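Q: Let me begin by handing over the structure; questions about it come next.
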Amino acid sequence: MSNNLIIVESPTKSKTITKFLGSKYTVRASMGHLRDLKKSTLSVDVEHDFAPEYINIRGKGDLIRELKTAAQKADKVYLATDPDREGEAISWHLAHILGIDEKEPCRIAFHEITAGAVKEALKHPRTIDMDMVDAQQTRRIIDRLVGYKLSPLLWRKVRKGLSAGRVQSVAVKIVADRDKEIETFVPEEYWTLKVKLREKEKAPLFEAEVAKKDGKKLVLRNAEETVAVEEALKQASYTVLNAAKKNVTRRPPAPFTTSTLQQEAAHRLNFTTRRTMLVAQQLYEGVSIGKNYAGLITYMRTDSTRLAAEALSSIRGLVAQLYGPEYCPEKPNYFSNKNNAQDAHEAIRPTSITRTPSEVEPYLTKEQFRLYELIWKRTMACQMAPARFDQTTLQIGAGPYELKASGSVLTFDGFLRLADKKDTKKEGLVPYIEPGHPLVLYKVEHGVQHFTEPPAGYTEASLVKKMEEEGIGRPSTYAPIIQTIQARGYVVKEGKKLTATELGKKVVDLLTTYFGSIINIPYSAKMETELDEIAEHKVDKLTILKHFYMPFEELLEEADKVIPKDPPPLEKSGVTCEKCGREMVIREGRYGKFLACPGFPECRNTKPLLEKIGVPCPKCGGDITIRRTKTGRVFYGCSNYPACDFTSWDKPTTETCSLCGHMLLEHTDRGSKSRLVCSNADCANALPKRTSRKKTTTADLLKVSKVVKGRGGAARKATAKKTSGKKAAAGKTAAKEPRGRKKTTGKTAGQ
């Protein structure tokens, strides 16, 4: 009886494949990489064609011996690591360890872990793809050169503990640049104005918005202008100038790629990119469904929207079966890939579309089920008919003013049959009325005040989207990049928003100053393209390494000359260390500055550096200082803590509320728009206890007296209580934060 050994990467995958194959096959797991570059040295010989020096990873000795023993007993060894560059490199390392000739057809690859896919792959073994291995090695070598040559330079010249990465530093720069845009953004006031009309008396009402005056776009900048237009519209006669009615369609979305899955899982399920990939890996590697054991989705690291012909046929058949033939288009829906897509794998889809979410739910964890349902619905929807709407648009004249009314009615839901209700927003009905027909005015609505919004801060999902658009990284690297920049303390999450820390901003400034030619978006995207070309046998890896290293070495030499040789002296604080009597110095950690004893490592005493904001505590008169939670989120507390427990998420000011006399807080709404609110939770000027979406109107401004002084514009200040608020009132924050602040003190001290 023949004995065949199959080596995969994970025990879960090993367990799944074992279920498919008979006693002739033994399946073992390599547990990822078994060899890597040394950690103690550069391990890249730049003088001899950048030859890498690999060693067996510490702690893998027993596993390596077990795999060697199993390989010696086997008649044939198959290397079945993941079907990407990293997996190809692991197979190459395994071949070296086990003494397998790389020209031997020992490599098998499959994009879904099902019995059919695995058995088909075993029929067609191939040699190891050395072009893919070279591409992976080139990335690894370049990243090692950057990390091991750039970081020590920063340690010598700037400060110990700094680290740099070729792609990670660019990701931090993207976040830091967006933070600057938000900080420097100046909101502009504008108003919108609508009227309610009808075709004739007692006919249904519809809404129209003022768009133009004398043929030019009308922009209302303040309340006075808006009131003037309101009065004019009340006296105007209304006539339909033009009318259009047409059928419009909305196409279904493409099946998931790695990037779009991460974005949608963040939006729908509140998953981090890391959580999405972990759960997707579980679904790919296999779970037990009753007596069967199989992978539920195809390979989850892909940038292609392509679906195999067999999969298309199965999906379209199920669409017609479940929803009717009218929901299945005459021809399959095809979707174009992005310009830099590799198209090596299919899109992410269920391995069997007939395995519905309800069928597998009893066998999955909650997270697995939610992600599988998301993938199943998207896969079905991508092959369904478009949604159809009847859309009506009216252009309406009112003296010198022109108004626009538009609305649409869903006539066929198509792929929206599978959409959540919140995704199918309803629009007001607008009747089709022949041009020249007069209209009856029912009401001129009060104008609504708005302010232009700054660009939104990056979330994990939007940062993945940005990296994909710019060609930075690949599907396998998006989640690790985001995880790394947070682990290094360069970026922190505040809610869902990513914000660059002081340390992150400092590192980015240094790198862009001295290494701006390689730490930038275009260069990173160019490097990804060159790695693709290596994998496609279009260019030699040595050529790419030389083109990278020669300019990089020149930058290193120049930076070594330009950056001052001696690190800047430590800033003294004037605070005495109570443990050893030395004067403490100011150091900088991942969340900002803190006090540390210069006697380290003999004395390891540290303290938080209290940054005063120049506002006295309303409870005890002490100084209000900036504090941070253990996740880096800023709040404000009294310097006399724990004797005084005053804290606030919103920044205290020296101004007082004209209604109750309590301290006013500077509150930042979503979108970084600031306004003043009262710290007294029971005051009318405090944040509402329940989030409100009510907009400020001209009536509000004309009727409500000025209650807040000193910031913004009169219109915004007078109506602070009218605009939308956060979920919790300031008073609730003060009651909760001392415990969090106590943790913050310990965290800061340990930086």
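Every chain in the structure tokens has a letter given in the order shown (A, B, ...), and although residue numbers restart at 1 in each chain, ligands are simply numbered from 1 in the order shown.
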Just the residues within 7 Å of region 478-489 of chain A, please, counting only C-alpha atoms, with nothing from its chain fewer than 5 positions along; format it as a list in words.
A: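 Contacts, with the query itself left out: Gln168, Val172, Thr273, Arg274, Val464, Gly473 and Arg590 of chain A.
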Q: Given the selection you just returned, output its residues as a file containing C-alpha atoms, formatted as a PDB file, in the first residue's frame.
A:
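Wrote it out as part.pdb, contents follow:
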ATOM      1  CA  GLN A 168       3.804  50.622   7.432  1.00  0.00           C
ATOM      2  CA  VAL A 172       1.002  56.014   9.145  1.00  0.00           C
ATOM      3  CA  THR A 273      -9.722  43.851   9.614  1.00  0.00           C
ATOM      4  CA  ARG A 274      -7.840  41.347  11.752  1.00  0.00           C
ATOM      5  CA  VAL A 464      -7.807  49.481   3.499  1.00  0.00           C
ATOM      6  CA  GLY A 473       0.207  46.391  -0.191  1.00  0.00           C
ATOM      7  CA  ARG A 590       3.330  56.063  22.248  1.00  0.00           C
TER       8      ARG A 590
END
Q: If you run DSSP on the backbone, which residues of region 450-537 of chain A are strand (DSSP E), as a list in words?
A: His450, Phe451, Val491, Val492, Lys493, Glu494, Lys497, Leu498, Thr499 and Ala500 of chain A
Q: Write the residues of the preceding selection, restricted to N, CA, C and O atoms, as an mmCIF file, in the first residue's frame.
A:
data_model
loop_
_atom_site.group_PDB
_atom_site.id
_atom_site.type_symbol
_atom_site.label_atom_id
_atom_site.label_comp_id
_atom_site.auth_asym_id
_atom_site.auth_seq_id
_atom_site.Cartn_x
_atom_site.Cartn_y
_atom_site.Cartn_z
ATOM 1 N N HIS A 450 -26.512 74.542 7.754
ATOM 2 C CA HIS A 450 -25.514 73.481 7.664
ATOM 3 C C HIS A 450 -24.124 74.104 7.764
ATOM 4 O O HIS A 450 -23.959 75.314 7.608
ATOM 5 N N PHE A 451 -23.148 73.258 8.008
ATOM 6 C CA PHE A 451 -21.754 73.662 7.932
ATOM 7 C C PHE A 451 -21.006 72.611 7.128
ATOM 8 O O PHE A 451 -21.269 71.415 7.257
ATOM 9 N N VAL A 491 -0.290 54.598 15.649
ATOM 10 C CA VAL A 491 -1.695 54.921 15.383
ATOM 11 C C VAL A 491 -2.543 54.286 16.473
ATOM 12 O O VAL A 491 -2.254 53.167 16.913
ATOM 13 N N VAL A 492 -3.575 54.999 16.932
ATOM 14 C CA VAL A 492 -4.504 54.449 17.911
ATOM 15 C C VAL A 492 -5.927 54.569 17.364
ATOM 16 O O VAL A 492 -6.209 55.371 16.473
ATOM 17 N N LYS A 493 -6.808 53.758 17.920
ATOM 18 C CA LYS A 493 -8.219 53.812 17.544
ATOM 19 C C LYS A 493 -8.998 54.554 18.622
ATOM 20 O O LYS A 493 -8.871 54.253 19.804
ATOM 21 N N GLU A 494 -9.795 55.534 18.197
ATOM 22 C CA GLU A 494 -10.723 56.229 19.077
ATOM 23 C C GLU A 494 -12.119 55.933 18.536
ATOM 24 O O GLU A 494 -12.560 56.548 17.579
ATOM 25 N N LYS A 497 -12.389 55.407 14.650
ATOM 26 C CA LYS A 497 -11.461 56.297 13.951
ATOM 27 C C LYS A 497 -10.018 55.999 14.316
ATOM 28 O O LYS A 497 -9.679 55.799 15.479
ATOM 29 N N LEU A 498 -9.148 55.994 13.293
ATOM 30 C CA LEU A 498 -7.714 55.854 13.489
ATOM 31 C C LEU A 498 -7.087 57.241 13.572
ATOM 32 O O LEU A 498 -7.377 58.110 12.748
ATOM 33 N N THR A 499 -6.238 57.445 14.562
ATOM 34 C CA THR A 499 -5.562 58.721 14.753
ATOM 35 C C THR A 499 -4.077 58.477 14.970
ATOM 36 O O THR A 499 -3.692 57.582 15.723
ATOM 37 N N ALA A 500 -3.250 59.276 14.313
ATOM 38 C CA ALA A 500 -1.806 59.159 14.501
ATOM 39 C C ALA A 500 -1.429 59.723 15.866
ATOM 40 O O ALA A 500 -1.886 60.795 16.262
#
Q: Quick one: everything within 8 Å of Lys200 (chain A), counting only C-alpha atoms, minus sequence neighbours fewer than 3 positions away in the same chain. Send it as a PDB file with all heavy atoms, in the first residue's frame.
A:
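Below is the file that was written, part.pdb:
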ATOM      1  N   ALA A 203     -54.514  67.878  -3.803  1.00  0.00           N
ATOM      2  CA  ALA A 203     -53.666  66.856  -4.438  1.00  0.00           C
ATOM      3  C   ALA A 203     -52.520  66.517  -3.486  1.00  0.00           C
ATOM      4  O   ALA A 203     -52.219  67.281  -2.564  1.00  0.00           O
ATOM      5  CB  ALA A 203     -53.129  67.370  -5.768  1.00  0.00           C
ATOM      6  N   LEU A 439     -48.561  75.381 -10.349  1.00  0.00           N
ATOM      7  CA  LEU A 439     -48.566  74.604  -9.114  1.00  0.00           C
ATOM      8  C   LEU A 439     -49.084  75.452  -7.966  1.00  0.00           C
ATOM      9  O   LEU A 439     -49.022  76.683  -8.004  1.00  0.00           O
ATOM     10  CB  LEU A 439     -47.151  74.102  -8.789  1.00  0.00           C
ATOM     11  CG  LEU A 439     -46.490  73.191  -9.825  1.00  0.00           C
ATOM     12  CD1 LEU A 439     -45.046  72.901  -9.440  1.00  0.00           C
ATOM     13  CD2 LEU A 439     -47.266  71.886  -9.979  1.00  0.00           C
ATOM     14  N   VAL A 440     -49.584  74.775  -6.944  1.00  0.00           N
ATOM     15  CA  VAL A 440     -50.149  75.460  -5.778  1.00  0.00           C
ATOM     16  C   VAL A 440     -49.151  75.356  -4.621  1.00  0.00           C
ATOM     17  O   VAL A 440     -48.702  74.263  -4.261  1.00  0.00           O
ATOM     18  CB  VAL A 440     -51.497  74.826  -5.367  1.00  0.00           C
ATOM     19  CG1 VAL A 440     -52.051  75.521  -4.114  1.00  0.00           C
ATOM     20  CG2 VAL A 440     -52.495  74.904  -6.519  1.00  0.00           C
TER      21      VAL A 440
END
Q: For Pro152 (chain A), which of A:Leu556, A:Ile315, A:Ile297, A:Cys620 is the closest residue, counting only C-alpha atoms?
A: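 That would be A:Leu556, the residue with the smallest distance to Pro152 (chain A).
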Q: Would you pick out the contacts of region 637-640 of chain A at 7 Å or less, using only C-alpha atoms, so that residues sharing its chain but fewer than 6 positions from it are not included, and give the list as a list in words?
A: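 Here the answer would be Cys617, Gly622, Asp623, Ile624, Thr625, Ile626, Arg627, Phe646, Thr647 and Ser648 of chain A.
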Q: Using DSSP on the backbone, list every residue of region 231-381 of chain A that comes out as alpha helix (DSSP H), and give them as a ChimeraX atom specification.
A: /A:231-235,258-269,273-285,309-323,357-360,366-381
Q: Quick one: of A:Gly599, A:Pro252, A:Pro455, A:Gly516, who's nearest to Met384 (chain A), counting only C-alpha atoms?
A: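 Once distances to Met384 (chain A) are computed over only C-alpha atoms, the minimum belongs to A:Pro252.
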Q: Can you work out the spacing between CA of Ile544 (chain A) and CA of Arg139 (chain A) in Å, to one decimal?
A: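 Atom-to-atom, CA of Ile544 (chain A) to CA of Arg139 (chain A), that is 10.1 Å.
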Q: May I ask which of the residues A:Glu330, A:Tyr458, A:Glu367, A:Leu218 is the closest one to Val279 (chain A), counting only C-alpha atoms?
A: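 Once distances to Val279 (chain A) are computed over only C-alpha atoms, the minimum belongs to A:Glu367.
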Q: I want to know what sits within 9 Å of Glu230 (chain A), based on only C-alpha atoms, with residues of the same chain fewer than 4 positions away left out; could you give that as a VMD selection string?
A: chain A and resid 193 225 to 226 234 444 to 447
Q: Residues of region 121-200 of chain A that approach region 391-414 of chain A to 10 Å or less, counting only C-alpha atoms: could you list each one with the shortest pair of atoms and its distance in Å to one decimal, rows by chain and increasing residue number, as JSON lines?
A:
{"residue": "A:Leu193", "atom": "CA", "partner": "A:Leu403", "partner_atom": "CA", "distance": 9.7}
{"residue": "A:Lys194", "atom": "CA", "partner": "A:Leu403", "partner_atom": "CA", "distance": 8.5}
{"residue": "A:Val195", "atom": "CA", "partner": "A:Leu403", "partner_atom": "CA", "distance": 8.9}
{"residue": "A:Lys196", "atom": "CA", "partner": "A:Ala405", "partner_atom": "CA", "distance": 10.0}
{"residue": "A:Leu197", "atom": "CA", "partner": "A:Ala405", "partner_atom": "CA", "distance": 9.8}
Q: Those residues you just picked out, can you put them in a file as a PDB file, in the first residue's frame with all heavy atoms?
A:
ATOM      1  N   LEU A 193     -33.057  75.418   1.447  1.00  0.00           N
ATOM      2  CA  LEU A 193     -34.427  75.926   1.564  1.00  0.00           C
ATOM      3  C   LEU A 193     -35.349  75.098   0.673  1.00  0.00           C
ATOM      4  O   LEU A 193     -35.052  74.888  -0.505  1.00  0.00           O
ATOM      5  CB  LEU A 193     -34.463  77.399   1.146  1.00  0.00           C
ATOM      6  CG  LEU A 193     -35.760  78.179   1.358  1.00  0.00           C
ATOM      7  CD1 LEU A 193     -36.184  78.147   2.823  1.00  0.00           C
ATOM      8  CD2 LEU A 193     -35.573  79.615   0.901  1.00  0.00           C
ATOM      9  N   LYS A 194     -36.436  74.608   1.247  1.00  0.00           N
ATOM     10  CA  LYS A 194     -37.386  73.786   0.504  1.00  0.00           C
ATOM     11  C   LYS A 194     -38.800  74.341   0.639  1.00  0.00           C
ATOM     12  O   LYS A 194     -39.117  75.048   1.612  1.00  0.00           O
ATOM     13  CB  LYS A 194     -37.360  72.344   1.008  1.00  0.00           C
ATOM     14  CG  LYS A 194     -36.032  71.632   0.779  1.00  0.00           C
ATOM     15  CD  LYS A 194     -36.074  70.201   1.297  1.00  0.00           C
ATOM     16  CE  LYS A 194     -34.744  69.499   1.054  1.00  0.00           C
ATOM     17  NZ  LYS A 194     -34.758  68.100   1.542  1.00  0.00           N
ATOM     18  N   VAL A 195     -39.631  73.996  -0.339  1.00  0.00           N
ATOM     19  CA  VAL A 195     -41.049  74.364  -0.293  1.00  0.00           C
ATOM     20  C   VAL A 195     -41.881  73.115  -0.551  1.00  0.00           C
ATOM     21  O   VAL A 195     -41.401  72.156  -1.168  1.00  0.00           O
ATOM     22  CB  VAL A 195     -41.399  75.453  -1.340  1.00  0.00           C
ATOM     23  CG1 VAL A 195     -40.572  76.702  -1.120  1.00  0.00           C
ATOM     24  CG2 VAL A 195     -41.218  74.925  -2.757  1.00  0.00           C
ATOM     25  N   LYS A 196     -43.102  73.130  -0.071  1.00  0.00           N
ATOM     26  CA  LYS A 196     -44.041  72.046  -0.344  1.00  0.00           C
ATOM     27  C   LYS A 196     -45.086  72.544  -1.330  1.00  0.00           C
ATOM     28  O   LYS A 196     -45.703  73.596  -1.118  1.00  0.00           O
ATOM     29  CB  LYS A 196     -44.687  71.563   0.946  1.00  0.00           C
ATOM     30  CG  LYS A 196     -43.748  70.754   1.828  1.00  0.00           C
ATOM     31  CD  LYS A 196     -44.467  70.133   3.017  1.00  0.00           C
ATOM     32  CE  LYS A 196     -43.514  69.248   3.815  1.00  0.00           C
ATOM     33  NZ  LYS A 196     -44.195  68.624   4.990  1.00  0.00           N
ATOM     34  N   LEU A 197     -45.261  71.745  -2.407  1.00  0.00           N
ATOM     35  CA  LEU A 197     -46.166  72.122  -3.497  1.00  0.00           C
ATOM     36  C   LEU A 197     -47.141  70.998  -3.769  1.00  0.00           C
ATOM     37  O   LEU A 197     -46.968  69.872  -3.316  1.00  0.00           O
ATOM     38  CB  LEU A 197     -45.356  72.426  -4.760  1.00  0.00           C
ATOM     39  CG  LEU A 197     -44.273  73.517  -4.667  1.00  0.00           C
ATOM     40  CD1 LEU A 197     -43.367  73.465  -5.878  1.00  0.00           C
ATOM     41  CD2 LEU A 197     -44.916  74.891  -4.532  1.00  0.00           C
TER      42      LEU A 197
END
Q: Rounded to one decimal, what separation in Å do you get between CA of Leu511 (chain A) and CA of Lys572 (chain A)?
A: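 Spanning CA of Leu511 (chain A) to CA of Lys572 (chain A) is a straight-line distance of 26.7 Å.
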Q: Measuring atom to atom with only C-alpha atoms, identify which of A:Ile97, A:Val360, A:Leu21, A:Asn4 is nearest to Glu120 (chain A).
A: A:Leu21
Q: Pick out the residues sitting within 10 Å of Ala596 (chain A), and hand them over as an MDAnalysis selection string; count only C-alpha atoms, and ignore anything fewer than 4 positions along from it in its own chain.
A: chainID A and resid 572:573 575 577 583:588 600 603:609 749:751
Q: If we count only C-alpha atoms and set the cut-off at 12 Å, which residues sit around Ala320 (chain A), ignoring sequence neighbours fewer than 2 positions away in its own chain? Please answer as a PyMOL selection string.
A: chain A and resi 313-318+322-330+380-381+383-385+414
Q: When distances are computed from only C-alpha atoms, which of A:Arg144, A:Ile534, A:Ala243, A:Glu578 shows the smallest separation from Met130 (chain A)?
A: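 Between A:Arg144, A:Ile534, A:Ala243, A:Glu578, the residue approaching Met130 (chain A) most closely is A:Ile534.
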Q: Mind giving me the straight-line distance from CA of Phe515 (chain A) to CA of Lys466 (chain A) in Å, one decimal?
A: 21.9 Å
Q: With the cut-off set at 12 Å and counting only C-alpha atoms, tabulate each residue of region 116-177 of chain A with an atom at most that distance from an atom of region 30-39 of chain A, showing the nearest atom pair and its distance in Å to one decimal, ordered by chain and increasing number, as JSON lines.
A:
{"residue": "A:Gln137", "atom": "CA", "partner": "A:Asp36", "partner_atom": "CA", "distance": 10.4}
{"residue": "A:Arg140", "atom": "CA", "partner": "A:Leu37", "partner_atom": "CA", "distance": 9.0}
{"residue": "A:Ile141", "atom": "CA", "partner": "A:Leu37", "partner_atom": "CA", "distance": 9.0}
{"residue": "A:Asp143", "atom": "CA", "partner": "A:Leu37", "partner_atom": "CA", "distance": 11.5}
{"residue": "A:Arg144", "atom": "CA", "partner": "A:Leu37", "partner_atom": "CA", "distance": 8.7}
{"residue": "A:Leu145", "atom": "CA", "partner": "A:Leu37", "partner_atom": "CA", "distance": 11.5}
{"residue": "A:Gly147", "atom": "CA", "partner": "A:Lys39", "partner_atom": "CA", "distance": 11.3}
{"residue": "A:Tyr148", "atom": "CA", "partner": "A:Lys39", "partner_atom": "CA", "distance": 9.6}
Q: Save the residues we just selected, all heavy atoms, as a CSV table (one decimal), in the first residue's frame?
A:
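Wrote out.csv, looks like this:
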chain,number,residue,atom,x,y,z
A,137,GLN,N,10.7,36.6,-1.7
A,137,GLN,CA,12.0,36.9,-1.1
A,137,GLN,C,12.4,38.3,-1.3
A,137,GLN,O,13.0,38.9,-0.4
A,137,GLN,CB,13.0,36.0,-1.8
A,137,GLN,CG,13.1,34.6,-1.3
A,137,GLN,CD,14.3,33.8,-1.7
A,137,GLN,OE1,14.8,34.0,-2.8
A,137,GLN,NE2,14.8,33.0,-0.9
A,140,ARG,N,10.7,40.4,1.2
A,140,ARG,CA,11.2,40.1,2.6
A,140,ARG,C,12.6,40.8,2.7
A,140,ARG,O,12.9,41.3,3.8
A,140,ARG,CB,11.4,38.6,2.7
A,140,ARG,CG,11.8,38.2,4.1
A,140,ARG,CD,10.6,38.2,5.1
A,140,ARG,NE,11.0,37.8,6.4
A,140,ARG,CZ,11.5,38.7,7.4
A,140,ARG,NH1,11.6,40.0,7.1
A,140,ARG,NH2,11.8,38.2,8.6
A,141,ILE,N,13.4,40.7,1.7
A,141,ILE,CA,14.8,41.3,1.7
A,141,ILE,C,14.7,42.8,1.8
A,141,ILE,O,15.4,43.4,2.6
A,141,ILE,CB,15.6,40.9,0.5
A,141,ILE,CG1,15.9,39.4,0.6
A,141,ILE,CG2,16.9,41.7,0.4
A,141,ILE,CD1,16.5,38.8,-0.6
A,143,ASP,N,12.2,44.7,2.9
A,143,ASP,CA,11.7,45.1,4.2
A,143,ASP,C,12.7,44.9,5.3
A,143,ASP,O,12.8,45.7,6.3
A,143,ASP,CB,10.4,44.3,4.5
A,143,ASP,CG,9.2,44.7,3.7
A,143,ASP,OD1,9.3,45.7,3.1
A,143,ASP,OD2,8.2,43.9,3.7
A,144,ARG,N,13.6,43.8,5.2
A,144,ARG,CA,14.6,43.6,6.2
A,144,ARG,C,15.7,44.8,6.0
A,144,ARG,O,16.1,45.3,7.1
A,144,ARG,CB,15.3,42.3,6.0
A,144,ARG,CG,16.5,42.0,6.8
A,144,ARG,CD,16.3,42.1,8.3
A,144,ARG,NE,15.4,41.1,8.8
A,144,ARG,CZ,15.8,40.0,9.5
A,144,ARG,NH1,17.1,39.8,9.6
A,144,ARG,NH2,14.9,39.2,10.0
A,145,LEU,N,16.0,45.1,4.8
A,145,LEU,CA,17.0,46.2,4.6
A,145,LEU,C,16.5,47.5,5.2
A,145,LEU,O,17.3,48.2,5.9
A,145,LEU,CB,17.3,46.4,3.1
A,145,LEU,CG,18.1,45.2,2.5
A,145,LEU,CD1,18.2,45.4,1.0
A,145,LEU,CD2,19.5,45.2,3.1
A,147,GLY,N,14.1,48.0,7.6
A,147,GLY,CA,14.0,47.9,9.0
A,147,GLY,C,15.3,47.8,9.8
A,147,GLY,O,15.5,48.5,10.8
A,148,TYR,N,16.3,47.1,9.3
A,148,TYR,CA,17.5,46.8,10.0
A,148,TYR,C,18.6,47.9,9.7
A,148,TYR,O,19.6,48.0,10.4
A,148,TYR,CB,18.1,45.5,9.7
A,148,TYR,CG,17.5,44.4,10.6
A,148,TYR,CD1,16.2,44.2,10.7
A,148,TYR,CD2,18.4,43.5,11.3
A,148,TYR,CE1,15.6,43.2,11.5
A,148,TYR,CE2,17.8,42.5,12.1
A,148,TYR,CZ,16.4,42.4,12.2
A,148,TYR,OH,15.9,41.4,13.0
Q: Calculated over only C-alpha atoms, which of the candidates A:Val46, A:Ala232, A:Ala643, A:Leu307 has the smallest distance to Asn333 (chain A)?
A: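 For Asn333 (chain A), the nearest of the given residues is A:Leu307.
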